[in-house]
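Okay, structure first, notes after.
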Amino acid sequence: MMNTVTTKEYLTIDDLDVDDKTVFVRVDINTPMDPEGNILDDMRIVSHIPTIKDLSNAKVVLLAHQSRAGKSDFTTMAPHAEKLSRYLGKHVEYVDDIFGSHARSRIDSMENGDIILLENVRFYSEETISRSSEEHSETHMVKKLLPHIDVFLNDAFAVSHRSHLSLMGFTDLVPTGAGRVVEKEIEALNRSIREGGNPCIFVLGGAKVDDSLRVAAHVLSNGGADRVLVTGVVANVMLAASGINIGNRNMDFIKAQGYADQIEVAKSLLDRFNGKIGMPKDVALNDGGKRIEVQIEDVGDSGLPINDIGLETIVAYSSEISAAKTVVLNGPAGVSELDGFELGTYEIIKAATEADYSVAGGGHISAEVRQMGFEDRFSHVSTGGGSCIDYLAGDKLPAIEALYKAAQSHQNKK
Ligand code: 3PG
């Protein structure tokens, strides 16, 4: 594995004066939701409770996002505020505004111990423009909120690989540090980097194809991983890139998710890293809820969706994973919420517990690890998906870099 940063290059709640202050905390409580708007997994919400509890003498303003524009679960933060209230045993008020006069006057009327959760920051389209902290500092949102904020904490490890406004807009301007989640993640992932040995395998699945292919390219070119095994939609894109006919239904799904262009990216990866990328030999199709095992060459005419990796692949991947020294899992192998199609994800998780060092990253796979009761058998179960694998791949996470920069300027002022 790669060597990246040393620890404690950032400030934490313990280093900052937070009592009686208005503390903005960027959290990541982006969670899987069902079509009725119910939260399906509370892990990320629960993870922030220690940070919020450590701010009991402050006015706490939580900033968060849910999903991405255009997705069906791109909703308000109201259900998240309810869950937070339940876990804290204390009311967390949802404010349906981000930086308008309603939000600002509510912040001004807060008392110590009050907690509010502002609206989904991605409802403001400037949020997701990738910019430097200096550029974000100049935005309308930052200018409006700045007079109301004393301290900024980034506790949103899971989105810290994005250079987004709410993560980096305040870090140059007010005392800034890491919340407890970020602190814990950096410590645990640094430990993985130090202690994990070779061979190191990254198992990349789920549906964020662009992120996974970028990480695959990175870890295979910098020696961060010896092998990458692909599952989920990532595997379908790779299979299509290798010239396999995965059928119109599966191709349409890739296009509908906006990943048609990733087939070319996958082709060049296969050209560059031939032999270092493992792809499924067989898959499970979903025929009206029934699991049908087929060889990959036979998917084409079926008209059925691929919902999991097949049995032969499960066996081959499992033996490779369990023999590895370090395994990083990201994204489920199939549609693991459907009965019968959780098998690939389940077996891969089980195999990973046999590796010397195992890290699980990503909402879905981390939830599965917990549901299986295997959390204690993993070296680390991360709250991050893309951020976790980017960090392990040796990438700099812009929002974490902003914390290092803030700590530096704090030191320089002393
Ligand atoms: C995640 O779920 O991985 C984080 O919340 C980041 O979400 P994003 O990939 O939509 O930026």
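Residues are referred to by chain and number: the chain letter is A, B, ... according to the order shown in the structure tokens, the number counts from 1 in that chain, and ligands are numbered separately from 1 in the order shown.
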Residues within 7 Å of ligand 1, counting only C-alpha atoms and all ligand atoms, as a list in words:
Asp28, Asn30, Thr31, Ser67, Arg68, Ala158, Val159, Arg162, Gly362, Gly363, Gly384, Gly385, Gly386 and Ser387 of chain A
Could you name the residues that touch Ala316 in chain A at 12 Å or less, counting only C-alpha atoms, but leaving out those on the same chain fewer than 6 positions away, as a PyMOL selection string?
chain A and resi 229+278-282+309-310+322-323+344+347-348+351
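For range 155-199 of chain A, backbone-based DSSP assignment of alpha helix (DSSP H) covers A:Leu165, A:Ser166, A:Leu167, A:Met168, A:Arg180, A:Val181, A:Val182, A:Glu183, A:Lys184, A:Glu185, A:Ile186, A:Glu187, A:Ala188, A:Leu189, A:Asn190, A:Arg191, A:Ser192, A:Ile193, A:Arg194, A:Glu195.
Taking CA of Met33 in chain A and CA of Asp73 in chain A as the two end points, the separation is 6.2 Å.
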Just checking: using only C-alpha atoms, which residue out of A:Leu88, A:Ala207, A:Val60, A:Leu329 ends up closest to Asp108 in chain A?
A:Val60
Please identify all polymer residues within 9 Å of Phe74 in chain A, counting only C-alpha atoms, omitting same-chain residues fewer than 4 positions from it, and present them as a PyMOL selection string.
chain A and resi 65-70+120+122-123
File of the preceding selection, all heavy atoms, as a PDB file, in the first residue's frame:
ATOM      1  N   HIS A  65     -25.788  17.431   2.843  1.00  0.00           N
ATOM      2  CA  HIS A  65     -26.441  17.190   1.547  1.00  0.00           C
ATOM      3  C   HIS A  65     -27.131  15.833   1.579  1.00  0.00           C
ATOM      4  O   HIS A  65     -26.795  14.977   2.400  1.00  0.00           O
ATOM      5  CB  HIS A  65     -25.425  17.221   0.400  1.00  0.00           C
ATOM      6  CG  HIS A  65     -24.546  16.008   0.339  1.00  0.00           C
ATOM      7  ND1 HIS A  65     -23.457  15.825   1.176  1.00  0.00           N
ATOM      8  CD2 HIS A  65     -24.598  14.889  -0.438  1.00  0.00           C
ATOM      9  CE1 HIS A  65     -22.866  14.675   0.913  1.00  0.00           C
ATOM     10  NE2 HIS A  65     -23.542  14.069  -0.066  1.00  0.00           N
ATOM     11  N   GLN A  66     -28.092  15.672   0.691  1.00  0.00           N
ATOM     12  CA  GLN A  66     -28.694  14.366   0.457  1.00  0.00           C
ATOM     13  C   GLN A  66     -28.718  14.154  -1.044  1.00  0.00           C
ATOM     14  O   GLN A  66     -29.336  14.914  -1.787  1.00  0.00           O
ATOM     15  CB  GLN A  66     -30.118  14.310   1.046  1.00  0.00           C
ATOM     16  CG  GLN A  66     -30.952  13.081   0.645  1.00  0.00           C
ATOM     17  CD  GLN A  66     -30.317  11.760   1.113  1.00  0.00           C
ATOM     18  OE1 GLN A  66     -29.803  11.667   2.221  1.00  0.00           O
ATOM     19  NE2 GLN A  66     -30.344  10.748   0.254  1.00  0.00           N
ATOM     20  N   SER A  67     -28.004  13.121  -1.479  1.00  0.00           N
ATOM     21  CA  SER A  67     -27.991  12.686  -2.870  1.00  0.00           C
ATOM     22  C   SER A  67     -27.499  13.769  -3.841  1.00  0.00           C
ATOM     23  O   SER A  67     -26.764  14.674  -3.442  1.00  0.00           O
ATOM     24  CB  SER A  67     -29.375  12.158  -3.254  1.00  0.00           C
ATOM     25  OG  SER A  67     -29.315  11.442  -4.458  1.00  0.00           O
ATOM     26  N   ARG A  68     -27.881  13.603  -5.100  1.00  0.00           N
ATOM     27  CA  ARG A  68     -27.431  14.526  -6.147  1.00  0.00           C
ATOM     28  C   ARG A  68     -28.639  15.006  -6.941  1.00  0.00           C
ATOM     29  O   ARG A  68     -29.606  14.243  -7.093  1.00  0.00           O
ATOM     30  CB  ARG A  68     -26.518  13.802  -7.134  1.00  0.00           C
ATOM     31  CG  ARG A  68     -25.266  13.243  -6.532  1.00  0.00           C
ATOM     32  CD  ARG A  68     -24.496  12.482  -7.583  1.00  0.00           C
ATOM     33  NE  ARG A  68     -23.273  11.922  -7.015  1.00  0.00           N
ATOM     34  CZ  ARG A  68     -22.387  11.220  -7.691  1.00  0.00           C
ATOM     35  NH1 ARG A  68     -22.567  10.992  -8.984  1.00  0.00           N
ATOM     36  NH2 ARG A  68     -21.311  10.742  -7.110  1.00  0.00           N
ATOM     37  N   ALA A  69     -28.537  16.212  -7.512  1.00  0.00           N
ATOM     38  CA  ALA A  69     -29.629  16.747  -8.343  1.00  0.00           C
ATOM     39  C   ALA A  69     -29.984  15.726  -9.422  1.00  0.00           C
ATOM     40  O   ALA A  69     -29.093  15.124 -10.027  1.00  0.00           O
ATOM     41  CB  ALA A  69     -29.192  18.058  -8.970  1.00  0.00           C
ATOM     42  N   GLY A  70     -31.269  15.526  -9.630  1.00  0.00           N
ATOM     43  CA  GLY A  70     -31.720  14.614 -10.687  1.00  0.00           C
ATOM     44  C   GLY A  70     -31.996  13.203 -10.187  1.00  0.00           C
ATOM     45  O   GLY A  70     -32.661  12.435 -10.861  1.00  0.00           O
ATOM     46  N   ASN A 120     -30.798  20.971   2.507  1.00  0.00           N
ATOM     47  CA  ASN A 120     -29.855  20.283   1.617  1.00  0.00           C
ATOM     48  C   ASN A 120     -29.007  21.310   0.843  1.00  0.00           C
ATOM     49  O   ASN A 120     -29.527  22.031  -0.017  1.00  0.00           O
ATOM     50  CB  ASN A 120     -30.676  19.411   0.655  1.00  0.00           C
ATOM     51  CG  ASN A 120     -29.827  18.512  -0.209  1.00  0.00           C
ATOM     52  OD1 ASN A 120     -28.631  18.735  -0.357  1.00  0.00           O
ATOM     53  ND2 ASN A 120     -30.455  17.508  -0.790  1.00  0.00           N
ATOM     54  N   ARG A 122     -27.064  21.052  -1.485  1.00  0.00           N
ATOM     55  CA  ARG A 122     -26.994  20.859  -2.941  1.00  0.00           C
ATOM     56  C   ARG A 122     -28.228  21.420  -3.656  1.00  0.00           C
ATOM     57  O   ARG A 122     -28.279  21.394  -4.888  1.00  0.00           O
ATOM     58  CB  ARG A 122     -26.776  19.383  -3.267  1.00  0.00           C
ATOM     59  CG  ARG A 122     -25.396  18.921  -2.887  1.00  0.00           C
ATOM     60  CD  ARG A 122     -25.058  17.541  -3.405  1.00  0.00           C
ATOM     61  NE  ARG A 122     -23.703  17.180  -3.007  1.00  0.00           N
ATOM     62  CZ  ARG A 122     -23.144  16.001  -3.249  1.00  0.00           C
ATOM     63  NH1 ARG A 122     -23.833  15.059  -3.883  1.00  0.00           N
ATOM     64  NH2 ARG A 122     -21.918  15.750  -2.871  1.00  0.00           N
ATOM     65  N   PHE A 123     -29.206  21.946  -2.887  1.00  0.00           N
ATOM     66  CA  PHE A 123     -30.313  22.664  -3.537  1.00  0.00           C
ATOM     67  C   PHE A 123     -29.788  23.984  -4.115  1.00  0.00           C
ATOM     68  O   PHE A 123     -30.439  24.609  -4.936  1.00  0.00           O
ATOM     69  CB  PHE A 123     -31.454  22.948  -2.547  1.00  0.00           C
ATOM     70  CG  PHE A 123     -32.309  21.747  -2.192  1.00  0.00           C
ATOM     71  CD1 PHE A 123     -32.033  20.490  -2.690  1.00  0.00           C
ATOM     72  CD2 PHE A 123     -33.421  21.893  -1.362  1.00  0.00           C
ATOM     73  CE1 PHE A 123     -32.825  19.384  -2.356  1.00  0.00           C
ATOM     74  CE2 PHE A 123     -34.212  20.802  -1.031  1.00  0.00           C
ATOM     75  CZ  PHE A 123     -33.912  19.540  -1.522  1.00  0.00           C
TER      76      PHE A 123
END
Please list as a PyMOL selection string every residue within 12 Å of Ile254 in chain A, counting only C-alpha atoms and excluding residues in the same chain fewer than 3 positions away.
chain A and resi 207-210+232-241+246-251+257-263+305-306
